[in-house]
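Source file: upload_26.txt (compact mmCIF, C-alpha atoms)
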```txt
# COMPACT_ATOMS: atom_id res chain seq x y z
CA MET A 272 -65.18 -22.00 28.33
CA SER A 273 -61.48 -21.60 29.20
CA ILE A 274 -58.80 -23.04 26.90
CA SER A 275 -57.86 -25.64 29.52
CA ASN A 276 -61.48 -26.85 29.74
CA THR A 277 -61.77 -26.79 25.95
CA MET A 278 -58.66 -28.94 25.65
CA TYR A 279 -59.82 -31.39 28.32
CA SER A 280 -63.12 -31.85 26.50
CA HIS A 281 -61.32 -32.16 23.16
CA PHE A 282 -59.00 -34.92 24.34
CA SER A 283 -61.81 -36.77 26.10
CA ARG A 284 -63.82 -36.81 22.87
CA ILE A 285 -60.94 -37.87 20.63
CA ALA A 286 -59.19 -40.35 22.95
CA SER A 287 -60.58 -43.52 21.38
CA LYS A 288 -59.55 -42.55 17.84
CA TYR A 289 -56.49 -40.38 18.48
CA ARG A 290 -53.92 -42.92 17.24
CA ARG A 291 -55.82 -43.33 13.97
CA VAL A 292 -55.78 -39.64 13.12
CA ARG A 293 -52.32 -38.62 14.32
CA THR A 294 -48.89 -39.39 12.86
CA THR A 295 -46.28 -40.90 15.18
CA ASP A 296 -42.60 -40.33 14.35
CA ILE A 297 -40.01 -43.00 15.12
CA GLU A 298 -36.99 -40.77 14.39
CA PRO A 299 -36.91 -38.88 17.73
CA ILE A 300 -37.20 -42.18 19.60
CA ILE A 301 -34.14 -43.57 17.82
CA HIS A 302 -32.21 -40.39 18.59
CA ILE A 303 -33.19 -40.58 22.27
CA LYS A 304 -32.20 -44.25 22.42
CA ASN A 305 -28.76 -43.41 21.03
CA ARG A 306 -28.26 -40.54 23.47
CA ILE A 307 -28.97 -42.61 26.60
CA GLY A 308 -27.67 -45.94 25.33
CA GLY A 309 -25.18 -46.27 28.18
CA LEU A 310 -27.83 -46.50 30.88
CA SER A 311 -28.39 -50.09 32.04
CA GLU A 312 -31.65 -49.31 33.82
CA VAL A 313 -33.90 -46.36 33.12
CA ARG A 314 -36.66 -44.79 35.19
CA GLY A 315 -38.58 -42.41 32.99
CA ALA A 316 -41.76 -40.38 32.82
CA ASP A 317 -43.72 -39.22 29.80
CA ILE A 318 -45.56 -36.01 30.68
CA GLY A 319 -48.75 -35.48 28.69
CA CYS A 320 -48.57 -39.06 27.46
CA GLY A 321 -51.97 -39.02 25.78
CA ASP A 322 -53.03 -42.39 24.40
CA GLY A 323 -49.58 -43.98 24.75
CA ARG A 324 -48.53 -44.01 21.09
CA TYR A 325 -45.04 -42.66 21.89
CA ASP A 326 -44.85 -44.70 25.09
CA LEU A 327 -45.00 -47.97 23.17
CA LEU A 328 -42.07 -46.84 21.01
CA LEU A 329 -40.06 -45.77 24.07
CA LEU A 330 -40.68 -49.07 25.84
CA ARG A 331 -39.79 -51.08 22.76
CA HIS A 332 -36.56 -49.23 21.96
CA ILE A 333 -35.06 -48.28 25.34
CA LYS A 334 -33.70 -51.28 27.19
CA ASN A 335 -34.81 -51.81 30.81
CA LEU A 336 -37.09 -48.77 30.82
CA HIS A 337 -39.79 -48.50 33.44
CA LEU A 338 -42.08 -45.68 32.37
CA THR A 339 -44.55 -43.58 34.30
CA CYS A 340 -47.21 -42.35 31.88
CA ILE A 341 -48.64 -39.06 33.15
CA ASP A 342 -51.68 -37.19 31.85
CA ILE A 343 -54.46 -35.09 33.32
CA ASN A 344 -57.08 -36.71 31.08
CA GLU A 345 -58.57 -39.95 32.41
CA ALA A 346 -59.85 -41.10 29.00
CA MET A 347 -56.38 -40.77 27.51
CA LEU A 348 -54.81 -42.67 30.41
CA ARG A 349 -57.28 -45.52 29.96
CA GLU A 350 -56.43 -45.66 26.26
CA ALA A 351 -52.70 -45.65 27.03
CA SER A 352 -52.97 -48.47 29.56
CA GLU A 353 -55.13 -50.64 27.28
CA TYR A 354 -52.89 -49.95 24.28
CA LEU A 355 -49.66 -50.87 26.05
CA ARG A 356 -51.07 -53.99 27.67
CA SER A 357 -52.56 -55.13 24.36
CA HIS A 358 -49.01 -55.11 22.98
CA GLY A 359 -47.69 -57.22 25.86
CA VAL A 360 -46.08 -54.31 27.70
CA ASN A 361 -46.31 -54.24 31.48
CA ASN A 362 -43.28 -52.25 32.68
CA PHE A 363 -45.21 -49.02 33.08
CA THR A 364 -47.54 -47.26 35.48
CA THR A 365 -50.09 -44.52 34.82
CA LEU A 366 -50.54 -41.40 36.90
CA LYS A 367 -53.33 -38.84 36.61
CA ALA A 368 -51.64 -35.54 37.29
CA ASP A 369 -51.23 -32.03 35.98
CA ALA A 370 -48.24 -31.53 33.71
CA ASN A 371 -47.07 -28.63 35.85
CA ASP A 372 -47.17 -30.48 39.17
CA PHE A 373 -46.81 -34.20 38.55
CA HIS A 374 -45.91 -35.38 42.06
CA LEU A 375 -42.78 -37.36 41.21
CA GLU A 376 -40.20 -37.77 43.96
CA ASP A 377 -37.22 -35.44 43.86
CA ASP A 378 -34.13 -36.85 42.11
CA SER A 379 -36.06 -39.95 41.02
CA MET A 380 -36.06 -39.90 37.20
CA ASP A 381 -33.30 -40.74 34.73
CA CYS A 382 -35.34 -39.36 31.84
CA ILE A 383 -38.37 -37.14 31.41
CA PHE A 384 -40.04 -37.01 28.00
CA THR A 385 -42.81 -34.99 26.43
CA PHE A 386 -44.04 -35.36 22.86
CA ASN A 387 -46.08 -32.69 21.07
CA ALA A 388 -47.56 -31.55 24.35
CA ILE A 389 -45.50 -28.73 25.86
CA HIS A 390 -47.73 -26.06 24.31
CA HIS A 391 -50.48 -27.31 26.63
CA PHE A 392 -48.30 -26.71 29.73
CA ASP A 393 -47.34 -23.74 31.83
CA THR A 394 -43.83 -24.29 30.53
CA PRO A 395 -41.78 -22.40 33.16
CA VAL A 396 -43.62 -24.28 35.93
CA PHE A 397 -43.23 -27.57 34.08
CA LEU A 398 -39.47 -27.00 33.77
CA LYS A 399 -39.11 -26.30 37.48
CA SER A 400 -41.04 -29.47 38.37
CA THR A 401 -38.94 -31.42 35.88
CA GLY A 402 -35.71 -30.09 37.35
CA ARG A 403 -36.73 -31.26 40.81
CA ALA A 404 -37.71 -34.77 39.67
CA LEU A 405 -34.61 -35.36 37.53
CA LYS A 406 -31.56 -37.21 38.79
CA ARG A 407 -28.23 -35.40 38.83
CA ASN A 408 -27.15 -36.97 35.52
CA GLY A 409 -30.60 -37.20 34.00
CA TRP A 410 -32.02 -36.17 30.64
CA VAL A 411 -35.06 -34.20 29.49
CA PHE A 412 -36.34 -34.65 25.95
CA ILE A 413 -38.90 -32.20 24.57
CA TYR A 414 -40.30 -33.01 21.13
CA THR A 415 -42.41 -30.20 19.73
CA ARG A 416 -43.12 -27.97 16.77
CA LEU A 417 -42.02 -24.36 16.63
CA ARG A 418 -44.45 -21.63 15.64
CA SER A 419 -42.54 -21.01 12.41
CA GLN A 420 -42.49 -24.74 11.61
CA ASN A 421 -46.22 -24.86 12.15
CA ALA A 422 -46.70 -22.02 9.67
CA ARG A 423 -44.81 -23.91 6.96
CA GLY A 424 -46.90 -27.11 7.16
CA ILE A 425 -49.95 -28.06 5.12
CA TRP A 426 -52.32 -26.53 7.66
CA GLY A 427 -50.33 -23.38 8.29
CA GLN A 428 -50.03 -22.65 4.59
CA HIS A 429 -53.51 -23.61 3.40
CA PHE A 430 -56.03 -23.77 6.28
CA PRO A 431 -57.52 -20.32 6.97
CA MET A 432 -56.77 -18.84 10.41
CA PHE A 433 -54.70 -21.88 11.50
CA VAL A 434 -51.60 -19.83 12.27
CA GLU A 435 -53.62 -17.09 13.94
CA LYS A 436 -55.51 -19.58 16.11
CA GLU A 437 -52.43 -21.53 17.18
CA ARG A 438 -50.50 -19.08 19.34
CA ARG A 439 -49.54 -21.59 22.05
CA LEU A 440 -46.43 -22.81 20.21
CA TYR A 441 -43.03 -21.27 20.90
CA GLU A 442 -40.01 -20.22 18.92
CA LEU A 443 -36.62 -21.61 19.85
CA ASP A 444 -35.36 -18.42 21.46
CA GLU A 445 -38.41 -18.37 23.74
CA LEU A 446 -37.78 -21.95 24.82
CA ARG A 447 -34.09 -21.17 25.40
CA ASP A 448 -35.02 -18.25 27.64
CA MET A 449 -37.45 -20.35 29.70
CA ILE A 450 -34.89 -23.14 30.09
CA GLU A 451 -32.23 -20.65 31.16
CA SER A 452 -34.67 -19.09 33.64
CA SER A 453 -35.56 -22.47 35.16
CA GLY A 454 -32.46 -22.27 37.33
CA SER A 455 -31.83 -26.01 37.18
CA LEU A 456 -31.71 -27.06 33.52
CA SER A 457 -29.50 -26.30 30.52
CA LEU A 458 -30.19 -26.79 26.83
CA GLU A 459 -27.58 -29.24 25.55
CA GLU A 460 -28.76 -29.95 22.02
CA THR A 461 -31.44 -29.09 19.47
CA ARG A 462 -32.18 -31.44 16.60
CA HIS A 463 -34.47 -30.56 13.71
CA PHE A 464 -36.59 -33.12 11.88
CA ARG A 465 -38.23 -32.72 8.48
CA TYR A 466 -40.69 -35.33 7.21
CA LYS A 467 -42.12 -35.75 3.76
CA ARG A 468 -45.84 -36.46 4.07
CA SER A 469 -48.54 -37.36 1.57
CA ASP A 470 -52.29 -37.81 1.84
CA SER A 471 -55.51 -37.31 -0.06
CA LEU A 472 -57.77 -34.30 0.32
CA GLU A 473 -60.53 -36.65 1.44
CA ASN A 474 -58.41 -37.95 4.33
CA LEU A 475 -57.28 -34.47 5.29
CA ILE A 476 -60.90 -33.32 5.46
CA GLU A 477 -61.72 -36.25 7.74
CA LYS A 478 -58.82 -35.30 10.02
CA VAL A 479 -60.18 -31.79 10.33
CA LYS A 480 -63.65 -33.10 11.16
CA ALA A 481 -62.08 -35.38 13.78
CA ARG A 482 -60.13 -32.35 15.07
CA HIS A 483 -56.93 -34.39 14.97
CA TYR A 484 -54.99 -31.27 15.96
CA SER A 485 -56.24 -29.57 19.10
CA THR A 486 -55.89 -26.29 17.16
CA PHE A 487 -59.14 -27.12 15.39
CA SER A 488 -60.94 -27.08 18.74
CA LEU A 489 -60.07 -23.38 19.02
CA TYR A 490 -62.47 -22.66 16.12
CA ASP A 491 -66.18 -22.36 16.74
CA ASP A 492 -68.37 -24.49 14.45
CA HIS A 493 -69.05 -21.69 11.97
CA GLU A 494 -65.38 -20.73 11.75
CA LEU A 495 -64.30 -24.33 11.25
CA ASN A 496 -66.82 -25.02 8.50
CA SER A 497 -65.99 -21.79 6.70
CA SER A 498 -62.25 -22.41 7.01
CA LEU A 499 -62.65 -26.00 5.81
CA ASP A 500 -64.36 -24.71 2.66
CA GLY A 501 -61.45 -22.31 2.17
CA PHE A 502 -58.96 -25.13 2.73
CA LYS A 503 -60.60 -27.30 0.05
CA GLU A 504 -60.46 -24.41 -2.39
CA ASN A 505 -56.82 -23.65 -1.58
CA ILE A 506 -55.76 -27.29 -1.96
CA ARG A 507 -57.57 -27.74 -5.28
CA ARG A 508 -55.95 -24.56 -6.56
CA ARG A 509 -52.46 -25.52 -5.36
CA PHE A 510 -52.33 -29.28 -6.05
CA ARG A 511 -53.18 -30.88 -9.38
CA ASP A 512 -53.66 -34.37 -7.90
CA THR A 513 -55.78 -34.08 -4.75
CA ASP A 514 -55.49 -37.83 -4.17
CA ASN A 515 -51.75 -37.44 -3.63
CA ILE A 516 -51.00 -34.19 -1.83
CA GLU A 517 -47.37 -33.88 -0.70
CA TRP A 518 -45.86 -31.55 1.87
CA TYR A 519 -43.25 -31.41 4.64
CA ASP A 520 -43.83 -31.40 8.39
CA GLU A 521 -41.16 -30.11 10.74
CA ASN A 522 -40.43 -30.75 14.41
CA ILE A 523 -37.65 -30.10 16.86
CA LEU A 524 -36.21 -32.22 19.69
CA LEU A 525 -34.63 -30.39 22.62
CA THR A 526 -32.24 -32.24 24.93
CA LEU A 527 -31.86 -30.74 28.41
CA ARG A 528 -29.50 -31.72 31.22
CA PRO A 529 -29.28 -30.67 34.88
CA ARG A 530 -27.24 -27.54 35.32
CA ALA A 531 -23.92 -27.97 37.07
CA ASN A 532 -23.88 -26.32 40.49
```

Translate the structure described by the file into structure tokens.
Amino acid sequence: MSISNTMYSHFSRIASKYRRVRTTDIEPIIHIKNRIGGLSEVRGADIGCGDGRYDLLLLRHIKNLHLTCIDINEAMLREASEYLRSHGVNNFTTLKADANDFHLEDDSMDCIFTFNAIHHFDTPVFLKSTGRALKRNGWVFIYTRLRSQNARGIWGQHFPMFVEKERRLYELDELRDMIESSGSLSLEETRHFRYKRSDSLENLIEKVKARHYSTFSLYDDHELNSSLDGFKENIRRRFRDTDNIEWYDENILLTLRPRAN
């Protein structure tokens, strides 16, 4: 099975419980709100929106935002729509489309967002499509994790083969080169985030079994079970209190603007 088919199946299986097993960060939303605070009305699109967990934060914090929630996975789109409506939010639409060709009108969007999803895209193609859809004074916000950041987290340090399996992430210089090569976008700002996390070994094991990171779907069953045994051993060796394991997660937010002609 190809990686794209593996990922589609993964997200279809996990859609109904995705919000329960993933962490959602408010800090990038606040930063985005402050960057575009002068806009009185905002047309935006979240590419690879998943189950809508970041969309609710966007719609709550950005005044007069109408959001198009775009994902290729129908199960995720259903979850997003139900989730937003259950919170009394109606100023959104959903669109089933590929992240690399999302059929938005040219020069139609004030903002385009993507959260923890760009490693699933054909990024150069995504950037070209984004550049076409963005208004002349628009903004692109890409929230992601770099390969080196991934290696420093709880999974990268202690879960066997996690770093080797997850080769889809980029380093900042690679992203800079792709943005420069897009022909229409420029990197205006990078902002790093570092979060102190804590959890129990029991909960972490359940997250692995739920495959809360798509990386775990890149393991076959034997590899995952063997690596999970290794992870338990590594955690018990490294942490005295396995009911209160502490570590840091890291992410980066890239702000892009249309390139001046």

| field | Who sits within 6 Å of Phe502 of chain A, all atoms listed in the file, same chain under 3 positions skipped, as number ranges by chain | value | A: 429-430, 499, 505

| field | Atom pair atom CA of Leu440 of chain A / atom CA of Gly427 of chain A: separation (Å) | value |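 According to the coordinates, atom CA of Leu440 of chain A and atom CA of Gly427 of chain A are separated by 12.6 Å.
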
| field | Pick from A:His332, A:Ala388, A:Trp518, A:Ser497 nearest to Asn305 of chain A, counting all atoms listed in the file | value |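 Result for the nearest residue to Asn305 of chain A: A:His332.
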
| Of the listed residues A:Ile389, A:Met347, A:Leu475, A:Leu338, that which approaches Arg416 of chain A most closely, counting only C-alpha atoms | A:Ile389

| task | List every protein, DNA or RNA residue that has at least one atom no more than 9 Å from (-59.5, -32.1, 1.6) in the file's coordinates, counting all atoms listed in the file, and write the result as a PyMOL selection string. | result | chain A and resi 471-477+479+499-500+502-504+506-507+513

Based on the selection just made, write C-alpha atoms of those residues as a PDB file, in the coordinates of the input.
```
ATOM      1  CA  SER A 471     -55.510 -37.310  -0.060  1.00  0.00           C
ATOM      2  CA  LEU A 472     -57.770 -34.300   0.320  1.00  0.00           C
ATOM      3  CA  GLU A 473     -60.530 -36.650   1.440  1.00  0.00           C
ATOM      4  CA  ASN A 474     -58.410 -37.950   4.330  1.00  0.00           C
ATOM      5  CA  LEU A 475     -57.280 -34.470   5.290  1.00  0.00           C
ATOM      6  CA  ILE A 476     -60.900 -33.320   5.460  1.00  0.00           C
ATOM      7  CA  GLU A 477     -61.720 -36.250   7.740  1.00  0.00           C
ATOM      8  CA  VAL A 479     -60.180 -31.790  10.330  1.00  0.00           C
ATOM      9  CA  LEU A 499     -62.650 -26.000   5.810  1.00  0.00           C
ATOM     10  CA  ASP A 500     -64.360 -24.710   2.660  1.00  0.00           C
ATOM     11  CA  PHE A 502     -58.960 -25.130   2.730  1.00  0.00           C
ATOM     12  CA  LYS A 503     -60.600 -27.300   0.050  1.00  0.00           C
ATOM     13  CA  GLU A 504     -60.460 -24.410  -2.390  1.00  0.00           C
ATOM     14  CA  ILE A 506     -55.760 -27.290  -1.960  1.00  0.00           C
ATOM     15  CA  ARG A 507     -57.570 -27.740  -5.280  1.00  0.00           C
ATOM     16  CA  THR A 513     -55.780 -34.080  -4.750  1.00  0.00           C
TER      17      THR A 513
END
```

| query | Which residues, written as a PyMOL selection string, have at least one atom at most 10 Å from Ser311 of chain A, with only C-alpha atoms counted and residues fewer than 4 positions away on the same chain left out? | reply | chain A and resi 307+333-336

| Can you tell me how far atom CA of Gln428 of chain A sits from atom CA of Tyr484 of chain A, in Å to one decimal? |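 If I compute the distance from atom CA of Gln428 of chain A to atom CA of Tyr484 of chain A, I get 15.1 Å.
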
| task | Figure out the distance between atom CA of Glu521 of chain A and atom CA of Gly424 of chain A, please, to one decimal in Å. | result | 7.4 Å

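Each of A:Gly309, A:Leu375, A:Thr526, A:Leu348 was checked against Lys406 of chain A using all atoms listed in the file; the smallest atom-to-atom distance is that of A:Leu375.
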
Would you give the centre and edge lengths, in Å to one decimal, of a box along x, y and z around the listed atoms of segment 427-430 of chain A, with 8 Å added to each side, as lines of an AutoDock Vina configuration file?
```
center_x = -53.0
center_y = -23.2
center_z = 5.8
size_x = 22.0
size_y = 17.1
size_z = 20.9
```

| message | Calculated over all atoms listed in the file, which of the candidates A:Lys304, A:His493, A:Arg482, A:His374 has the smallest distance to Thr401 of chain A? | response |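 Of the candidates, the smallest distance to Thr401 of chain A is held by A:His374.
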
Contacts of segment 384-387 of chain A within 6 Å, all atoms listed in the file, excl. fewer than 5 positions in-chain, as an mmCIF file with C-alpha atoms, in the coordinates of the input:
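Output (selection.cif):
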```
data_model
loop_
_atom_site.group_PDB
_atom_site.id
_atom_site.type_symbol
_atom_site.label_atom_id
_atom_site.label_comp_id
_atom_site.auth_asym_id
_atom_site.auth_seq_id
_atom_site.Cartn_x
_atom_site.Cartn_y
_atom_site.Cartn_z
ATOM 1 C CA ASP A 317 -43.720 -39.220 29.800
ATOM 2 C CA ILE A 318 -45.560 -36.010 30.680
ATOM 3 C CA VAL A 411 -35.060 -34.200 29.490
ATOM 4 C CA PHE A 412 -36.340 -34.650 25.950
ATOM 5 C CA ILE A 413 -38.900 -32.200 24.570
ATOM 6 C CA TYR A 414 -40.300 -33.010 21.130
ATOM 7 C CA THR A 415 -42.410 -30.200 19.730
#
```

| task | Please provide as number ranges by chain all residues within 12 Å of segment 276-278 of chain A, with the sequence filter that same-chain residues fewer than 5 positions apart are discarded (counting only C-alpha atoms). | result | A: 283-286, 343-344, 388, 390-392, 482, 484-491

| note | One residue among A:Lys480, A:Arg293, A:Lys467, A:His358 is nearest to Ile425 of chain A when using all atoms listed in the file, and that residue is A:Lys467

| query | Any idea what's packed within 9 Å of Asp377 of chain A, counting only C-alpha atoms, ignoring anything in its chain fewer than 3 positions away? Could you give it as a PyMOL selection string? | reply | chain A and resi 374+380+400+402-406

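Distances to Pro299 of chain A were evaluated for A:Leu366, A:Leu525, A:Ala316, A:Ala531 using only C-alpha atoms, and the minimum falls at A:Leu525.
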
Which residues of segment 280-314 of chain A sit at most 12 Å from segment 453-466 of chain A, using all atoms listed in the file? Give each one's shortest atom pair and distance in Å (one decimal place), in chain and ascending residue order, as a Markdown table.
```
| residue | atom | partner | partner_atom | distance |
| --- | --- | --- | --- | --- |
| A:Thr294 | CA | A:Tyr466 | CA | 10.8 |
| A:Thr295 | CA | A:Tyr466 | CA | 11.2 |
| A:Asp296 | CA | A:Tyr466 | CA | 8.9 |
| A:Ile297 | CA | A:Phe464 | CA | 10.9 |
| A:Glu298 | CA | A:Phe464 | CA | 8.1 |
| A:Pro299 | CA | A:Phe464 | CA | 8.2 |
| A:Ile300 | CA | A:Phe464 | CA | 11.9 |
| A:His302 | CA | A:Arg462 | CA | 9.2 |
| A:Ile303 | CA | A:Arg462 | CA | 10.8 |
| A:Arg306 | CA | A:Glu460 | CA | 10.7 |
```

Store the residues picked out above in a file with C-alpha atoms, as a tab-separated table (two decimals), in the coordinates of the input.
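Dumped everything to result-v6.tsv:
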```tsv
chain	number	residue	atom	x	y	z
A	294	THR	CA	-48.89	-39.39	12.86
A	295	THR	CA	-46.28	-40.90	15.18
A	296	ASP	CA	-42.60	-40.33	14.35
A	297	ILE	CA	-40.01	-43.00	15.12
A	298	GLU	CA	-36.99	-40.77	14.39
A	299	PRO	CA	-36.91	-38.88	17.73
A	300	ILE	CA	-37.20	-42.18	19.60
A	302	HIS	CA	-32.21	-40.39	18.59
A	303	ILE	CA	-33.19	-40.58	22.27
A	306	ARG	CA	-28.26	-40.54	23.47
```

Incomplete segment 338-356 of chain A filled out to N, CA and C atoms as a compact mmCIF listing (two decimals), in the frame of the given file:
```
# COMPACT_ATOMS: atom_id res chain seq x y z
N LEU A 338 -41.54 -46.98 32.75
CA LEU A 338 -42.08 -45.68 32.37
C LEU A 338 -43.32 -45.35 33.19
N THR A 339 -43.35 -44.12 33.69
CA THR A 339 -44.55 -43.58 34.30
C THR A 339 -45.24 -42.70 33.28
N CYS A 340 -46.45 -43.07 32.91
CA CYS A 340 -47.21 -42.35 31.88
C CYS A 340 -48.15 -41.38 32.59
N ILE A 341 -47.93 -40.09 32.39
CA ILE A 341 -48.64 -39.06 33.15
C ILE A 341 -49.51 -38.22 32.22
N ASP A 342 -50.78 -38.06 32.60
CA ASP A 342 -51.68 -37.19 31.85
C ASP A 342 -52.79 -36.75 32.79
N ILE A 343 -53.36 -35.61 32.51
CA ILE A 343 -54.46 -35.09 33.32
C ILE A 343 -55.79 -35.70 32.89
N ASN A 344 -55.82 -36.25 31.65
CA ASN A 344 -57.08 -36.71 31.08
C ASN A 344 -57.27 -38.20 31.32
N GLU A 345 -58.33 -38.56 32.04
CA GLU A 345 -58.57 -39.95 32.41
C GLU A 345 -58.83 -40.84 31.19
N ALA A 346 -59.55 -40.30 30.20
CA ALA A 346 -59.85 -41.10 29.00
C ALA A 346 -58.57 -41.45 28.26
N MET A 347 -57.65 -40.51 28.17
CA MET A 347 -56.38 -40.77 27.51
C MET A 347 -55.56 -41.80 28.29
N LEU A 348 -55.55 -41.69 29.60
CA LEU A 348 -54.81 -42.67 30.41
C LEU A 348 -55.37 -44.07 30.25
N ARG A 349 -56.68 -44.20 30.18
CA ARG A 349 -57.28 -45.52 29.96
C ARG A 349 -56.85 -46.07 28.60
N GLU A 350 -56.86 -45.22 27.58
CA GLU A 350 -56.43 -45.66 26.26
C GLU A 350 -54.97 -46.10 26.28
N ALA A 351 -54.12 -45.32 26.96
CA ALA A 351 -52.70 -45.65 27.03
C ALA A 351 -52.49 -47.00 27.70
N SER A 352 -53.15 -47.22 28.83
CA SER A 352 -52.97 -48.47 29.56
C SER A 352 -53.44 -49.66 28.73
N GLU A 353 -54.61 -49.55 28.10
CA GLU A 353 -55.13 -50.64 27.28
C GLU A 353 -54.24 -50.90 26.07
N TYR A 354 -53.74 -49.84 25.47
CA TYR A 354 -52.89 -49.95 24.28
C TYR A 354 -51.59 -50.66 24.61
N LEU A 355 -50.94 -50.26 25.69
CA LEU A 355 -49.66 -50.87 26.05
C LEU A 355 -49.85 -52.33 26.45
N ARG A 356 -50.85 -52.60 27.25
CA ARG A 356 -51.07 -53.99 27.67
C ARG A 356 -51.47 -54.88 26.49
```
